[in-house]
Each structure stands twice: as structure tokens, then as C-alpha cells.
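Asks: Right, I'll just put the structure down here and ask away after.
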Amino acid sequence: MPELPEVEIVKQSLSKKIKNKRVKKIIIKNRNLRFKLDHKFSNIVQNSIVENIYRFSKYLIIKLDNSYYWLIHLGMSGTLHVVDKNKQKFLTNLSFYQSPNLPEKHNHIHISFDKFKIIYNDPRRFGYFLLLKNKYKLDEFISNYGPEPFNKKFNQTYFKKKLSNKSKNIKNYLLDQKFVSGIGNIYASEILFLAKINPERKSAKLNLSDYKKIIFFSKKVLKKAIKKGGSSIQNFKNSNGKTGSFQKYFQVYDREGMHCLSKKCDGIIKKKVISNRSSFYCNICQKI
DNA sequence: AAGAGGCCCTGATAGC
DNA sequence: TGCTATCAGGGCCTCT
């Protein structure tokens, strides 16, 4: 599911719920996530207090009062659910992938607070938890990633330095978290559509004006998606009002065979697999 | 050394 | 109805 905007929404709702609360108990049903859950996880997180919650890229970062940072990556299908502890009643869905009901299967990790618990559910188990010992380790971890689109380092100079002699296509660069952090498959297609650049354009073939457009629309698309509560592409018809609505604003993603929405363009949206990921684009107004 | 592709995993859906 | 194939919002790893 989640690209930067979706993780941001989860962060915001989770923050209201668990900030300054103490973790009472952890139950691990399955530690075989993308990376096996650290065997010290329970010991370290249990009895700590959540001081704050941040987001970097597609990671949730939970700062604990014992100096540790607990990172959550939701992978493709990871979701967090808040459940009333005593009544076992579902309270809030902090995700945009599943229906608003608590799933029965794949509830791998239960984190109990005083009056409620958070359940991590992840059918595909591409998500994972990480524990970083202190701020230094966190900074070190983040330094392996490229800037977020909102970062002032994500500018034309950076593009020129990174892309000017590269043969790899621009769509792949937008998905490459070492180049830019937080963009995923949906928003990459959307950004390139607005910038009128074909996803298969070789990065070396981009000019200064293309850089500008990509930078501008990256910020614009992600900001709007956050404002709309993210995208909910699966089961969104089951929405209880808490799911995102950005999918209504998709210009190209999942619109194969439909008309291009650019003014004065008679193009039809194409779907093409590029590096194992579907790309959507208009082959008339997005020039190669 | 950069870049393409395989692969991890389960579930939903389409097609026969 | 039930089988099989394909695809899904991510990204690490291997091979060339």
C-alpha cells in the first residue's frame, strides 16, 4: 500500500493515539516478517513510553523514552489497527489497504497499552520492524536514503549531479529510494504524467526544465495526496469515511485504456511493465 | 559499476 | 464450482 502520503496519514492518527503512553505488553504471533523480528524487541519496547512519532520516507519512527527508535515499514500490505483492549472491539483503522474491519488472519504482533492495543497485520509480510539504539544510529540509517521531495536538497543541482549521464529511465529513479525517498509506484506515474515525461525516458535525456517539472510535481502530488488522506485503492468502496480519497484524483494510475485527462490531448492511457512494475502513461503527451 | 530481473509472500480477481 | 495464471501500493539480492 503505502507511499509517503499514506504513511504520513498513519503517523498522524497513530500519534494522537499513543504519544506519551506506556507500552504494557507485547505478544508476537509471528516474527517472520521481511526481516526476522529482533529477539530483543519485546524486552526493549515493553514498559517504555512513546515520546514522539515521526515519519521519514515510508517509515514510521517511534521514539521511546529509553533512547531507542522503533521503525515500522509497512511493505506492500502492512496495516496497523487500534483495538479496545477489554471489549476486543475494533476502534480505528490506521491504514488504507484493508476493509475497516479488523482482519482475522495475519495479525502478527500485538502491542498493548493501558486501554487499547495496536495490532500489526501484514498478509504478505513484506513489512518489518527495526530497532535503532539511539539518535546516532537513526541518523546513520537515514543517511542511506535520498532526500524526500520536500527537502531543499531535492533540487536541480542534485538532479544534474545524479542523472546527467545515466542510462536508467526516470521512472526507476523515482522509485529508487537512494535517489529520492518516499515515492512509490502510484505517485511515480502521476508525477511523470503531470511533468509530461515518458516513464521510459533515459535520465540523461532530461533537461533543466524537465528537472524543474519533476521536482515541482513531486511536491505537489504528495502534498495533495496527504491533504486527501492518501490513496485507498483496495476495498475503498468499504470506506467508513476514514480512508483516503486521492484515488479519485489519479490522472493515469489504473486508468489503462481511458482517455488522457490533459487538455487538448486525444491520447489513451497505456500500461506497460517497466522493471517489473506497472507504469501508466499517455503515449501522446508524455514524450520519450 | 550500473542496471535489469528474480524473488520474498498471500490474496483478489480474471479467464477458462 | 473450481482450477490456474496474473497481478498488487516495496525493495533487497544476484547476476551480467
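Every chain in the C-alpha cells takes a letter, A first, then B, and so on in the order presented; its residues are numbered from 1, and the ligands are numbered from 1 following the presented order.
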Please report as a Markdown table every residue of chain C lying within 10 Å of chain A, along with the nearest atom pair and their distance in Å (one decimal), using only C-alpha atoms (C1' of nucleotides).
Replies:
```
| residue | atom | partner | partner_atom | distance |
| --- | --- | --- | --- | --- |
| C:DC7 | C1' | A:Ser278 | CA | 9.5 |
| C:DA8 | C1' | A:Met76 | CA | 8.1 |
| C:DG9 | C1' | A:Met1 | CA | 3.4 |
| C:DG10 | C1' | A:Gly75 | CA | 5.4 |
| C:DG11 | C1' | A:Gly75 | CA | 8.6 |
| C:DC12 | C1' | A:Arg34 | CA | 9.9 |
```
Asks: Compute the set of chain B residues within 10 Å of chain A, using only C-alpha atoms (C1' of nucleotides), and express it as number ranges by chain.
Replies: B: 2-6, 8-12
Asks: Mind pulling up the distance from atom CA of A:Gly229 to atom CA of A:Thr243?
Replies: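 We find that atom CA of A:Thr243 and atom CA of A:Gly229 lie 6.8 Å from each other.
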Asks: Please report, as JSON, numbers by chain, each residue of stretch 41-266 of chain A to which DSSP assigns strand (DSSP E) when run on this structure's backbone.
Replies: {"A": [50, 51, 52, 53, 54, 55, 56, 59, 60, 61, 62, 63, 64, 69, 70, 71, 72, 73, 79, 80, 81, 82, 83, 84, 90, 91, 92, 93, 107, 108, 109, 110, 111, 112, 116, 117, 118, 119, 120, 121, 128, 129, 130, 131, 132]}
Asks: Identify, on the basis of only C-alpha atoms (C1' of nucleotides), every residue whose closest approach to A:Cys282 does not exceed 8 Å; exclude the query and any residue fewer than 3 positions from it along the same chain; express the result as a VMD selection string.
Replies: chain A and resid 193 198 252 260 267 to 270 285 to 286
Asks: Please, what distance in Å, to one decimal, runs between atom CA of A:Val50 and atom CA of A:Arg22?
Replies: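 So the two atoms, atom CA of A:Val50 and atom CA of A:Arg22, lie 6.3 Å apart.
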Asks: Please measure the separation of atom CA of A:Asn66 and atom CA of A:Leu14, giving the value in Å to one decimal.
Replies: 19.6 Å
Asks: Mind checking which residues fall within 7 Å of stretch 215-227 of chain A, counting only C-alpha atoms (C1' of nucleotides), ignoring those fewer than 3 positions away in the same chain, and posting them as number ranges by chain?
Replies: A: 5, 9, 149-150, 155, 191, 194-195, 211-212, 230-231, 246
Asks: Include N, CA, C and O atoms and write out the residues we just selected as a JSON list (two decimals), in the first residue's frame.
Replies:
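As a result, part04.json now contains:
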```
[["chain", "number", "residue", "atom", "x", "y", "z"],
["A", 5, "PRO", "N", 2.66, 9.58, 1.41],
["A", 5, "PRO", "CA", 1.44, 10.20, 1.94],
["A", 5, "PRO", "C", 0.64, 9.27, 2.86],
["A", 5, "PRO", "O", 0.11, 9.70, 3.88],
["A", 9, "ILE", "N", -0.27, 9.79, 6.88],
["A", 9, "ILE", "CA", -1.61, 9.74, 7.48],
["A", 9, "ILE", "C", -1.63, 8.77, 8.66],
["A", 9, "ILE", "O", -2.20, 9.07, 9.72],
["A", 149, "PRO", "N", 11.07, 14.46, -1.35],
["A", 149, "PRO", "CA", 10.80, 15.53, -2.33],
["A", 149, "PRO", "C", 10.65, 16.90, -1.69],
["A", 149, "PRO", "O", 10.92, 17.91, -2.34],
["A", 150, "PHE", "N", 10.25, 16.96, -0.43],
["A", 150, "PHE", "CA", 10.06, 18.26, 0.24],
["A", 150, "PHE", "C", 11.37, 18.88, 0.70],
["A", 150, "PHE", "O", 11.42, 20.05, 1.06],
["A", 155, "ASN", "N", 16.85, 19.27, -5.50],
["A", 155, "ASN", "CA", 16.81, 20.43, -6.38],
["A", 155, "ASN", "C", 17.51, 20.13, -7.70],
["A", 155, "ASN", "O", 18.00, 19.02, -7.92],
["A", 191, "ILE", "N", 3.34, 11.68, -11.11],
["A", 191, "ILE", "CA", 4.30, 12.79, -11.23],
["A", 191, "ILE", "C", 4.76, 12.94, -12.68],
["A", 191, "ILE", "O", 4.79, 14.03, -13.24],
["A", 194, "LEU", "N", 2.10, 14.46, -14.98],
["A", 194, "LEU", "CA", 1.97, 15.92, -14.85],
["A", 194, "LEU", "C", 3.17, 16.64, -15.45],
["A", 194, "LEU", "O", 3.05, 17.73, -16.00],
["A", 195, "ALA", "N", 4.34, 15.99, -15.37],
["A", 195, "ALA", "CA", 5.55, 16.61, -15.93],
["A", 195, "ALA", "C", 5.66, 16.39, -17.44],
["A", 195, "ALA", "O", 6.57, 16.91, -18.08],
["A", 211, "TYR", "N", 13.80, 18.65, -15.11],
["A", 211, "TYR", "CA", 14.14, 18.55, -13.67],
["A", 211, "TYR", "C", 13.16, 19.37, -12.85],
["A", 211, "TYR", "O", 12.60, 18.93, -11.86],
["A", 212, "LYS", "N", 13.00, 20.63, -13.30],
["A", 212, "LYS", "CA", 12.11, 21.56, -12.59],
["A", 212, "LYS", "C", 10.72, 20.99, -12.43],
["A", 212, "LYS", "O", 10.11, 21.07, -11.37],
["A", 230, "GLY", "N", -4.42, 10.37, 1.61],
["A", 230, "GLY", "CA", -3.75, 9.26, 0.95],
["A", 230, "GLY", "C", -4.64, 8.59, -0.08],
["A", 230, "GLY", "O", -5.75, 9.06, -0.37],
["A", 231, "SER", "N", -4.15, 7.50, -0.65],
["A", 231, "SER", "CA", -4.90, 6.75, -1.66],
["A", 231, "SER", "C", -5.33, 5.41, -1.07],
["A", 231, "SER", "O", -4.57, 4.76, -0.39],
["A", 246, "PHE", "N", -7.48, 10.05, -2.40],
["A", 246, "PHE", "CA", -6.68, 10.54, -3.53],
["A", 246, "PHE", "C", -6.87, 9.71, -4.80],
["A", 246, "PHE", "O", -6.64, 10.20, -5.90]]
```
Asks: Using only C-alpha atoms, pick whichever of A:Leu130, A:Ile61, A:Glu140, A:Thr79 has the shortest atom-to-atom distance to A:Phe35.
Replies: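 Between A:Leu130, A:Ile61, A:Glu140, A:Thr79, the residue approaching A:Phe35 most closely is A:Leu130.
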Asks: Between A:Val82, A:Leu132, A:Lys202, A:Gln251, which has the minimum distance to A:Val10 (counting only C-alpha atoms)?
Replies: A:Val82
Asks: Report the residues of stretch 31-236 of chain A whose backbone DSSP state falls under helix (DSSP H, G or I), written as an MDAnalysis selection string.
Replies: chainID A and resid 41:45 135:142 156:163 170:175 185:194 203:205 208:227 236
